[in-house]
file target05.csv (CSV, C-alpha atoms)
chain,number,residue,atom,x,y,z
A,1,MET,CA,-23.8,-59.1,209.8
A,2,GLU,CA,-22.3,-56.8,212.5
A,3,GLN,CA,-23.2,-53.1,212.7
A,4,ASN,CA,-21.2,-51.1,210.3
A,5,SER,CA,-20.0,-47.9,211.9
A,6,PRO,CA,-21.3,-44.7,210.2
A,7,ILE,CA,-17.8,-43.2,210.3
A,8,LEU,CA,-16.5,-45.9,208.0
A,9,TYR,CA,-19.4,-45.3,205.6
A,10,ILE,CA,-18.7,-41.6,205.6
A,11,LEU,CA,-15.0,-42.1,205.0
A,12,LEU,CA,-15.8,-44.4,202.2
A,13,ALA,CA,-18.2,-42.0,200.6
A,14,ILE,CA,-15.6,-39.2,200.9
A,15,LEU,CA,-13.0,-41.3,199.2
A,16,VAL,CA,-15.2,-42.4,196.3
A,17,THR,CA,-16.8,-39.0,195.6
A,18,ASN,CA,-13.5,-37.2,195.5
A,19,LEU,CA,-11.8,-39.9,193.5
A,20,ILE,CA,-14.4,-39.6,190.8
A,21,ARG,CA,-13.8,-35.9,190.5
A,22,VAL,CA,-10.1,-36.2,190.4
A,23,LEU,CA,-9.8,-39.0,187.9
A,24,PRO,CA,-10.2,-36.9,184.7
A,25,MET,CA,-7.6,-34.4,185.9
A,26,LEU,CA,-5.2,-37.3,186.4
A,27,LEU,CA,-5.8,-38.7,182.9
A,28,ILE,CA,-6.2,-35.5,180.9
A,29,LYS,CA,-2.8,-33.7,181.1
A,30,GLY,CA,-3.4,-30.7,178.9
A,31,PRO,CA,-5.4,-29.3,176.0
A,32,ILE,CA,-7.2,-31.9,174.1
A,33,ARG,CA,-6.5,-31.9,170.3
A,34,ASN,CA,-9.2,-34.2,169.0
A,35,THR,CA,-12.0,-32.0,167.6
A,36,PHE,CA,-14.9,-34.2,168.6
A,37,LEU,CA,-13.7,-34.5,172.2
A,38,ARG,CA,-13.0,-30.7,172.4
A,39,SER,CA,-16.4,-30.0,171.1
A,40,PHE,CA,-18.0,-32.5,173.4
A,41,LEU,CA,-16.4,-31.0,176.4
A,42,TYR,CA,-17.3,-27.5,175.2
A,43,TYR,CA,-21.0,-28.3,175.2
A,44,VAL,CA,-21.0,-30.5,178.4
A,45,PRO,CA,-21.3,-27.6,180.9
A,46,TYR,CA,-24.2,-26.0,179.2
A,47,VAL,CA,-26.0,-29.3,178.6
A,48,THR,CA,-25.5,-30.6,182.0
A,49,LEU,CA,-26.6,-27.4,183.8
A,50,ALA,CA,-29.6,-27.1,181.5
A,51,VAL,CA,-30.6,-30.7,182.1
A,52,MET,CA,-30.3,-30.2,185.9
A,53,THR,CA,-32.4,-27.0,185.7
A,54,PHE,CA,-35.5,-28.2,183.9
A,55,PRO,CA,-37.8,-29.6,185.1
A,56,ALA,CA,-36.3,-29.6,188.5
A,57,ILE,CA,-37.0,-25.9,188.9
A,58,ILE,CA,-40.7,-26.6,188.7
A,59,GLU,CA,-40.6,-29.5,191.1
A,60,THR,CA,-38.7,-27.6,193.8
A,61,THR,CA,-41.2,-24.9,194.3
A,62,LEU,CA,-44.3,-25.3,196.4
A,63,THR,CA,-46.6,-24.4,193.5
A,64,PRO,CA,-45.7,-25.4,189.9
A,65,LEU,CA,-46.7,-21.9,188.7
A,66,ALA,CA,-44.0,-20.3,190.8
A,67,GLY,CA,-41.4,-22.6,189.1
A,68,VAL,CA,-42.6,-21.9,185.6
A,69,VAL,CA,-42.7,-18.1,186.1
A,70,ALA,CA,-39.3,-18.1,187.7
A,71,LEU,CA,-37.9,-20.1,184.8
A,72,VAL,CA,-39.4,-17.8,182.2
A,73,VAL,CA,-38.3,-14.6,184.0
A,74,GLY,CA,-34.9,-16.1,184.8
A,75,LEU,CA,-34.4,-16.9,181.1
A,76,ILE,CA,-35.3,-13.4,180.1
A,77,ALA,CA,-33.1,-11.9,182.8
A,78,ALA,CA,-30.2,-14.1,181.8
A,79,TRP,CA,-30.7,-13.3,178.2
A,80,PHE,CA,-30.2,-9.6,178.9
A,81,GLY,CA,-27.1,-10.4,180.9
A,82,LEU,CA,-28.1,-9.3,184.3
A,83,GLY,CA,-25.5,-11.4,186.0
A,84,LEU,CA,-25.4,-14.4,188.4
A,85,PHE,CA,-26.5,-12.7,191.6
A,86,PRO,CA,-29.4,-10.5,190.2
A,87,VAL,CA,-30.9,-13.4,188.2
A,88,ALA,CA,-30.7,-15.7,191.3
A,89,ILE,CA,-32.3,-13.1,193.5
A,90,ILE,CA,-35.1,-12.4,191.0
A,91,CYS,CA,-35.9,-16.0,190.8
A,92,CYS,CA,-36.0,-16.3,194.6
A,93,VAL,CA,-38.3,-13.3,195.0
A,94,ILE,CA,-40.7,-14.5,192.3
A,95,VAL,CA,-41.0,-17.9,193.8
A,96,TYR,CA,-41.5,-16.6,197.3
A,97,LEU,CA,-44.2,-14.1,196.2
A,98,ILE,CA,-46.1,-16.6,194.1
A,99,ASP,CA,-45.9,-19.4,196.6
A,100,THR,CA,-47.1,-17.2,199.4
A,101,LEU,CA,-49.7,-15.1,197.6
A,102,LEU,CA,-51.3,-17.8,195.4
A,103,PRO,CA,-52.9,-19.8,198.2
A,104,MET,CA,-54.5,-16.6,199.5
A,105,LEU,CA,-56.4,-16.0,196.2
B,1,MET,CA,-19.8,-35.3,212.5
B,2,GLY,CA,-22.3,-33.5,210.2
B,3,PHE,CA,-19.8,-30.7,209.7
B,4,PHE,CA,-17.0,-33.0,208.9
B,5,SER,CA,-19.1,-35.1,206.5
B,6,GLY,CA,-20.6,-32.0,204.8
B,7,PHE,CA,-17.1,-30.5,204.5
B,8,PHE,CA,-15.5,-33.4,202.7
B,9,ILE,CA,-18.3,-34.9,200.6
B,10,ARG,CA,-20.1,-31.8,199.2
B,11,ALA,CA,-22.3,-33.7,196.9
B,12,SER,CA,-25.8,-32.4,197.8
B,13,ALA,CA,-28.2,-34.8,196.1
B,14,GLY,CA,-25.6,-37.6,196.2
B,15,GLU,CA,-25.0,-37.0,199.9
B,16,TYR,CA,-28.6,-37.4,200.8
B,17,GLY,CA,-28.6,-40.7,199.0
B,18,ILE,CA,-25.6,-41.8,201.0
B,19,TYR,CA,-27.3,-40.9,204.3
B,20,THR,CA,-30.4,-42.9,203.5
B,21,LEU,CA,-28.2,-45.9,202.7
B,22,VAL,CA,-26.3,-45.6,206.0
B,23,ALA,CA,-29.7,-45.4,207.8
B,24,ILE,CA,-30.7,-48.7,206.4
B,25,HIS,CA,-27.3,-50.3,207.0
B,26,ALA,CA,-26.6,-51.0,203.4
B,27,THR,CA,-23.4,-52.9,202.4
B,28,TYR,CA,-20.2,-51.1,201.6
B,29,VAL,CA,-20.6,-52.2,198.0
B,30,GLU,CA,-24.0,-50.6,197.7
B,31,LEU,CA,-22.7,-47.4,199.2
B,32,ILE,CA,-19.8,-47.3,196.7
B,33,ALA,CA,-22.2,-48.0,193.8
B,34,MET,CA,-24.5,-45.3,194.9
B,35,CYS,CA,-21.7,-42.8,195.3
B,36,LEU,CA,-20.4,-43.6,191.8
B,37,VAL,CA,-23.7,-43.2,190.0
B,38,THR,CA,-24.9,-40.0,191.7
B,39,ASN,CA,-21.5,-38.4,191.2
B,40,LEU,CA,-20.7,-39.4,187.7
B,41,ARG,CA,-21.6,-36.0,186.4
B,42,TYR,CA,-18.7,-34.6,188.4
B,43,MET,CA,-16.4,-36.7,186.3
B,44,LEU,CA,-17.7,-35.0,183.1
B,45,MET,CA,-17.5,-31.6,184.8
B,46,SER,CA,-13.9,-32.3,185.8
B,47,ALA,CA,-13.0,-33.2,182.2
B,48,ALA,CA,-14.7,-30.1,180.9
B,49,LEU,CA,-12.9,-27.9,183.5
B,50,SER,CA,-9.6,-29.5,182.6
B,51,GLN,CA,-9.8,-27.7,179.3
B,52,LYS,CA,-10.5,-24.4,181.0
B,53,LEU,CA,-7.2,-24.3,182.9
B,54,ALA,CA,-4.1,-22.5,181.8
B,55,PRO,CA,-1.6,-25.0,180.4
B,56,ALA,CA,0.8,-24.0,183.1
B,57,THR,CA,-1.5,-25.1,185.9
B,58,SER,CA,0.4,-27.6,188.1
B,59,ARG,CA,-0.8,-31.1,188.6
B,60,LEU,CA,-1.5,-30.5,192.3
B,61,HIS,CA,-3.7,-27.5,191.5
B,62,ARG,CA,-5.6,-29.5,189.0
B,63,LEU,CA,-6.3,-32.3,191.5
B,64,LEU,CA,-7.3,-29.9,194.2
B,65,MET,CA,-9.6,-27.9,191.9
B,66,ALA,CA,-11.2,-31.2,190.9
B,67,CYS,CA,-11.9,-32.0,194.5
B,68,CYS,CA,-13.7,-28.7,194.8
B,69,ILE,CA,-16.1,-29.5,192.0
B,70,THR,CA,-19.8,-29.3,192.9
B,71,ASP,CA,-22.6,-28.1,190.6
B,72,GLU,CA,-22.2,-24.6,191.8
B,73,ILE,CA,-18.5,-24.3,191.9
B,74,PHE,CA,-18.3,-25.9,188.5
B,75,GLY,CA,-20.9,-23.5,187.2
B,76,ILE,CA,-18.9,-20.4,188.1
B,77,SER,CA,-15.5,-21.9,187.3
B,78,ILE,CA,-16.5,-22.8,183.8
B,79,ASN,CA,-18.0,-19.4,183.4
B,80,HIS,CA,-14.8,-17.6,184.1
B,81,LYS,CA,-13.6,-15.5,181.2
B,82,GLY,CA,-10.4,-17.0,179.8
B,83,CYS,CA,-8.5,-19.6,181.8
B,84,THR,CA,-9.7,-20.3,185.4
B,85,PRO,CA,-7.1,-19.6,188.0
B,86,PRO,CA,-6.9,-22.0,190.9
B,87,ALA,CA,-7.5,-19.3,193.5
B,88,TYR,CA,-10.9,-18.5,192.0
B,89,THR,CA,-12.1,-22.0,192.5
B,90,TYR,CA,-10.5,-22.4,195.9
B,91,SER,CA,-12.0,-19.2,197.3
B,92,ALA,CA,-15.4,-20.0,196.1
B,93,ALA,CA,-15.1,-23.6,197.3
B,94,LEU,CA,-13.9,-22.5,200.8
B,95,ILE,CA,-16.8,-20.1,201.4
B,96,SER,CA,-19.5,-22.4,200.0
B,97,THR,CA,-18.0,-25.4,201.8
B,98,LEU,CA,-18.1,-23.7,205.1
B,99,PHE,CA,-21.7,-22.8,204.7
B,100,TRP,CA,-22.5,-26.2,203.3
B,101,ALA,CA,-20.9,-28.0,206.3
B,102,GLY,CA,-22.4,-25.5,208.7
B,103,GLY,CA,-25.8,-26.0,207.1
B,104,CYS,CA,-25.4,-29.7,207.4
B,105,ALA,CA,-24.6,-29.5,211.0
B,106,THR,CA,-27.3,-27.0,211.7
B,107,GLY,CA,-29.8,-29.0,209.7
B,108,ILE,CA,-29.0,-32.0,211.9
B,109,VAL,CA,-29.5,-30.0,215.0
B,110,ALA,CA,-32.4,-27.8,214.0
B,111,GLY,CA,-34.1,-30.3,211.7
B,112,GLY,CA,-35.6,-27.7,209.5
B,113,MET,CA,-36.5,-24.4,211.3
B,114,LEU,CA,-37.1,-22.4,208.2
B,115,PRO,CA,-40.6,-22.3,206.8
B,116,THR,CA,-40.9,-24.4,203.7
B,117,SER,CA,-41.9,-21.4,201.6
B,118,ILE,CA,-38.5,-19.8,202.4
B,119,VAL,CA,-36.6,-23.0,201.7
B,120,ALA,CA,-38.3,-23.4,198.3
B,121,ALA,CA,-37.6,-19.8,197.4
B,122,LEU,CA,-34.0,-20.1,198.3
B,123,SER,CA,-33.5,-23.4,196.5
B,124,VAL,CA,-34.5,-21.7,193.2
B,125,ALA,CA,-31.4,-19.5,193.7
B,126,LEU,CA,-29.3,-22.4,192.4
B,127,TYR,CA,-31.3,-22.7,189.2
B,128,GLY,CA,-31.3,-19.0,188.7
B,129,MET,CA,-27.6,-19.1,188.8
B,130,PHE,CA,-27.5,-21.9,186.3
B,131,LEU,CA,-29.7,-19.9,183.9
B,132,ALA,CA,-27.4,-16.9,184.3
B,133,ILE,CA,-24.5,-19.2,183.3
B,134,ILE,CA,-26.0,-21.0,180.3
B,135,VAL,CA,-28.1,-18.4,178.6
B,136,PRO,CA,-25.6,-15.6,177.7
B,137,PRO,CA,-23.3,-18.0,175.8
B,138,ALA,CA,-26.4,-19.1,173.9
B,139,ARG,CA,-26.8,-15.6,172.7
B,140,ARG,CA,-23.2,-15.6,171.3
B,141,ASP,CA,-23.2,-19.1,169.9
B,142,ARG,CA,-26.2,-20.4,168.1
B,143,ASN,CA,-25.1,-24.0,168.6
B,144,VAL,CA,-25.2,-23.6,172.4
B,145,LEU,CA,-28.8,-22.3,172.0
B,146,TYR,CA,-29.7,-25.5,170.1
B,147,ALA,CA,-28.1,-27.6,172.7
B,148,LEU,CA,-30.0,-25.8,175.5
B,149,ILE,CA,-33.3,-26.2,173.7
B,150,ALA,CA,-32.6,-29.9,173.2
B,151,SER,CA,-31.6,-30.3,176.8
B,152,PHE,CA,-34.7,-28.7,178.2
B,153,LEU,CA,-37.0,-30.7,175.9
B,154,LEU,CA,-35.4,-34.0,176.5
B,155,SER,CA,-35.0,-33.4,180.2
B,156,GLY,CA,-38.7,-32.6,180.5
B,157,ILE,CA,-39.7,-35.6,178.5
B,158,CYS,CA,-37.5,-37.9,180.5
B,159,ALA,CA,-39.0,-36.7,183.7
B,160,VAL,CA,-42.4,-38.1,182.7
B,161,ALA,CA,-41.6,-40.8,180.2
B,162,PRO,CA,-42.7,-44.3,181.3
B,163,LEU,CA,-39.5,-46.1,182.0
B,164,VAL,CA,-36.9,-43.4,182.2
B,165,SER,CA,-38.6,-41.3,184.9
B,166,GLN,CA,-38.0,-44.2,187.3
B,167,TRP,CA,-34.3,-43.6,187.2
B,168,SER,CA,-32.7,-41.3,189.6
B,169,SER,CA,-32.1,-37.7,188.5
B,170,GLY,CA,-28.4,-38.2,188.7
B,171,THR,CA,-28.6,-41.1,186.2
B,172,ARG,CA,-30.8,-39.1,183.9
B,173,THR,CA,-28.5,-36.1,184.1
B,174,ILE,CA,-25.4,-38.0,183.1
B,175,LEU,CA,-27.1,-40.0,180.3
B,176,LEU,CA,-28.7,-36.9,178.8
B,177,THR,CA,-25.5,-35.0,179.1
B,178,LEU,CA,-23.5,-37.7,177.3
B,179,LEU,CA,-26.2,-38.1,174.6
B,180,ILE,CA,-26.9,-34.5,173.8
B,181,SER,CA,-23.3,-33.3,174.1
B,182,SER,CA,-22.2,-36.0,171.8
B,183,VAL,CA,-24.8,-35.3,169.2
B,184,VAL,CA,-24.3,-31.6,169.2
B,185,ALA,CA,-20.5,-32.0,169.2
B,186,TRP,CA,-20.9,-34.3,166.2
B,187,LEU,CA,-23.3,-32.1,164.2
B,188,ARG,CA,-21.7,-28.8,165.2
B,189,PRO,CA,-18.0,-29.3,166.1
B,190,LEU,CA,-15.8,-26.4,167.2
B,191,LYS,CA,-13.9,-24.6,164.5
B,192,ASN,CA,-10.2,-25.5,164.5
B,193,ARG,CA,-9.1,-21.9,164.7
B,194,GLU,CA,-10.5,-21.6,168.2
B,195,SER,CA,-7.6,-21.7,170.7
B,196,ASN,CA,-8.0,-23.0,174.2
B,197,GLY,CA,-9.1,-20.7,177.0
B,198,THR,CA,-10.9,-18.2,174.8
B,199,GLU,CA,-14.6,-18.3,174.0
call {"tool": "encode", "arguments": {"input": "target05.csv", "output": "structure tokens"}}
result
Amino acid sequence: MEQNSPILYILLAILVTNLIRVLPMLLIKGPIRNTFLRSFLYYVPYVTLAVMTFPAIIETTLTPLAGVVALVVGLIAAWFGLGLFPVAIICCVIVYLIDTLLPML
Amino acid sequence: MGFFSGFFIRASAGEYGIYTLVAIHATYVELIAMCLVTNLRYMLMSAALSQKLAPATSRLHRLLMACCITDEIFGISINHKGCTPPAYTYSAALISTLFWAGGCATGIVAGGMLPTSIVAALSVALYGMFLAIIVPPARRDRNVLYALIASFLLSGICAVAPLVSQWSSGTRTILLTLLISSVVAWLRPLKNRESNGTE
């Protein structure tokens, strides 16, 4: 098989990934009336973001403890409505502190 | 090339998968299959976002907004109070895409200059943002809270369960989303008096 040029691969990847995103918008023209579908799409954002967050947050950090603490504190911060930016910053700082300080103990 | 690729694909995890395939000279079919699977969750996100747009939003705007969808852009777009205006998504997408593409190009050149502790700390920013998006609605809507608890539990279990943990995270994400959302939607459907665009 001859060498496939990377450019072609990339173009193909661009095409496919964008097509996937666009398809539902092409098919769904307006507000959906079916109760089940409406409910389903209502819960999808929360479920999908939650599934992506845990346990990934624990696996991303250098030490698992940092991930766990960041998760707990993040949950509390979010519960009290601190906002996107503050919660994100808090999580970053916690992880950095724990990851850096823990090995020194 | 890195800038161009990062600019137009914007799929983070999926993008990495693509590059590994290119590195081993996989066939075009394999590449397409990999793209489909890792990005399927964007299809669900697109569907969910379609309900969040004002009815008057033009077809062109809808398609362009869909192209902008990444985990982060979706997160903030769906979090917008009321209907999401196209400009909101576009501006967020433009800024993040420039950084994404720039980071892609820089990463290729620098090959990882930041110490790993900094990288790990910054990568948590994404999850912190997700938490800030999903938790407040759980306070308002008890059903969302149940959905979140179920999501965390099942996601954790699937990460360590015998067969399921072998699957890629993208596959697990979409399967769990389909499963949990369906069950919760079935057990706790939205009341009919709720109109579109309001929460």
call {"tool": "closest_residue", "arguments": {"input": "target05.csv", "among": "B:Tyr146, B:Trp167, B:Phe130, B:Tyr90", "to": "chain A", "atoms": "only C-alpha atoms"}}
result
B:Phe130
call {"tool": "atom_distance", "arguments": {"input": "target05.csv", "atom1": "atom CA of Thr48 of chain A", "atom2": "atom CA of Thr177 of chain B"}}
result
5.3 Å
call {"tool": "residues_around", "arguments": {"input": "target05.csv", "residues": "segment 151-165 of chain B", "least_positions_apart": "2", "cutoff": "10 Å", "atoms": "all atoms listed in the file", "output": "count of residues only"}}
result
27
call {"tool": "closest_atom_pairs", "arguments": {"input": "target05.csv", "of": "chain B", "to": "chain A", "cutoff": "6 Å", "atoms": "only C-alpha atoms", "output": "CSV"}}
result
residue,atom,partner,partner_atom,distance
B:Ile9,CA,A:Ile14,CA,5.1
B:Tyr42,CA,A:Arg21,CA,5.5
B:Met43,CA,A:Arg21,CA,5.0
B:Ser46,CA,A:Arg21,CA,5.9
B:Ala47,CA,A:Pro24,CA,5.3
B:Ala48,CA,A:Leu41,CA,4.9
B:Gln51,CA,A:Pro31,CA,5.7
B:Leu63,CA,A:Val22,CA,5.6
B:Ala66,CA,A:Val22,CA,5.1
B:Cys67,CA,A:Asn18,CA,5.5
B:Ala120,CA,A:Thr61,CA,5.2
B:Ala121,CA,A:Cys92,CA,4.8
B:Leu122,CA,A:Cys92,CA,5.7
B:Val124,CA,A:Cys92,CA,5.8
B:Ala125,CA,A:Ala88,CA,4.5
B:Tyr127,CA,A:Thr53,CA,5.7
B:Gly128,CA,A:Ala88,CA,4.2
B:Met129,CA,A:Leu84,CA,5.2
B:Ala132,CA,A:Ala78,CA,4.7
B:Ile134,CA,A:Tyr46,CA,5.4
B:Val135,CA,A:Trp79,CA,5.7
B:Pro136,CA,A:Trp79,CA,5.6
B:Ser151,CA,A:Val51,CA,5.4
B:Phe152,CA,A:Phe54,CA,5.8
B:Ser155,CA,A:Val51,CA,5.5
B:Gly156,CA,A:Pro55,CA,5.6
B:Thr177,CA,A:Thr48,CA,5.3
B:Ser181,CA,A:Phe40,CA,5.4
B:Ser182,CA,A:Phe40,CA,5.7
B:Ala185,CA,A:Phe40,CA,4.9
B:Pro189,CA,A:Ser39,CA,5.3
B:Leu190,CA,A:Ser39,CA,5.3
call {"tool": "atom_distance", "arguments": {"input": "target05.csv", "atom1": "atom CA of Ser50 of chain B", "atom2": "atom CA of Ile78 of chain B"}}
result
9.7 Å
call {"tool": "decode", "arguments": {"input": "target05.csv", "residues": "segment 16-31 of chain A", "atoms": "N, CA and C atoms", "output": "mmCIF file, in the first residue's frame"}}
result
data_model
loop_
_atom_site.group_PDB
_atom_site.id
_atom_site.type_symbol
_atom_site.label_atom_id
_atom_site.label_comp_id
_atom_site.auth_asym_id
_atom_site.auth_seq_id
_atom_site.Cartn_x
_atom_site.Cartn_y
_atom_site.Cartn_z
ATOM 1 N N VAL A 16 -15.318 14.356 8.819
ATOM 2 C CA VAL A 16 -16.141 13.451 9.619
ATOM 3 C C VAL A 16 -16.568 14.078 10.947
ATOM 4 N N THR A 17 -15.607 14.676 11.656
ATOM 5 C CA THR A 17 -15.966 15.212 12.966
ATOM 6 C C THR A 17 -16.986 16.341 12.849
ATOM 7 N N ASN A 18 -16.845 17.184 11.841
ATOM 8 C CA ASN A 18 -17.803 18.276 11.700
ATOM 9 C C ASN A 18 -19.163 17.789 11.215
ATOM 10 N N LEU A 19 -19.137 16.775 10.370
ATOM 11 C CA LEU A 19 -20.388 16.216 9.868
ATOM 12 C C LEU A 19 -21.220 15.646 11.012
ATOM 13 N N ILE A 20 -20.558 14.964 11.920
ATOM 14 C CA ILE A 20 -21.253 14.383 13.064
ATOM 15 C C ILE A 20 -21.954 15.451 13.885
ATOM 16 N N ARG A 21 -21.265 16.557 14.078
ATOM 17 C CA ARG A 21 -21.856 17.614 14.896
ATOM 18 C C ARG A 21 -23.035 18.262 14.209
ATOM 19 N N VAL A 22 -22.950 18.354 12.912
ATOM 20 C CA VAL A 22 -23.942 19.108 12.148
ATOM 21 C C VAL A 22 -25.219 18.312 11.894
ATOM 22 N N LEU A 23 -25.080 16.998 11.829
ATOM 23 C CA LEU A 23 -26.214 16.147 11.471
ATOM 24 C C LEU A 23 -27.502 16.387 12.267
ATOM 25 N N PRO A 24 -27.429 16.434 13.598
ATOM 26 C CA PRO A 24 -28.667 16.650 14.349
ATOM 27 C C PRO A 24 -29.331 17.991 14.014
ATOM 28 N N MET A 25 -28.513 19.009 13.796
ATOM 29 C CA MET A 25 -29.070 20.320 13.470
ATOM 30 C C MET A 25 -29.779 20.280 12.116
ATOM 31 N N LEU A 26 -29.298 19.425 11.238
ATOM 32 C CA LEU A 26 -29.933 19.289 9.938
ATOM 33 C C LEU A 26 -31.278 18.589 10.070
ATOM 34 N N LEU A 27 -31.318 17.578 10.943
ATOM 35 C CA LEU A 27 -32.519 16.773 11.061
ATOM 36 C C LEU A 27 -33.564 17.371 11.987
ATOM 37 N N ILE A 28 -33.095 18.033 13.050
ATOM 38 C CA ILE A 28 -34.033 18.603 14.017
ATOM 39 C C ILE A 28 -34.279 20.048 13.665
ATOM 40 N N LYS A 29 -35.488 20.333 13.190
ATOM 41 C CA LYS A 29 -35.727 21.669 12.658
ATOM 42 C C LYS A 29 -36.218 22.671 13.699
ATOM 43 N N GLY A 30 -36.775 22.210 14.765
ATOM 44 C CA GLY A 30 -37.307 23.163 15.738
ATOM 45 C C GLY A 30 -37.532 22.472 17.058
ATOM 46 N N PRO A 31 -38.369 23.076 17.933
ATOM 47 C CA PRO A 31 -38.626 22.459 19.228
ATOM 48 C C PRO A 31 -39.270 21.085 19.046
#
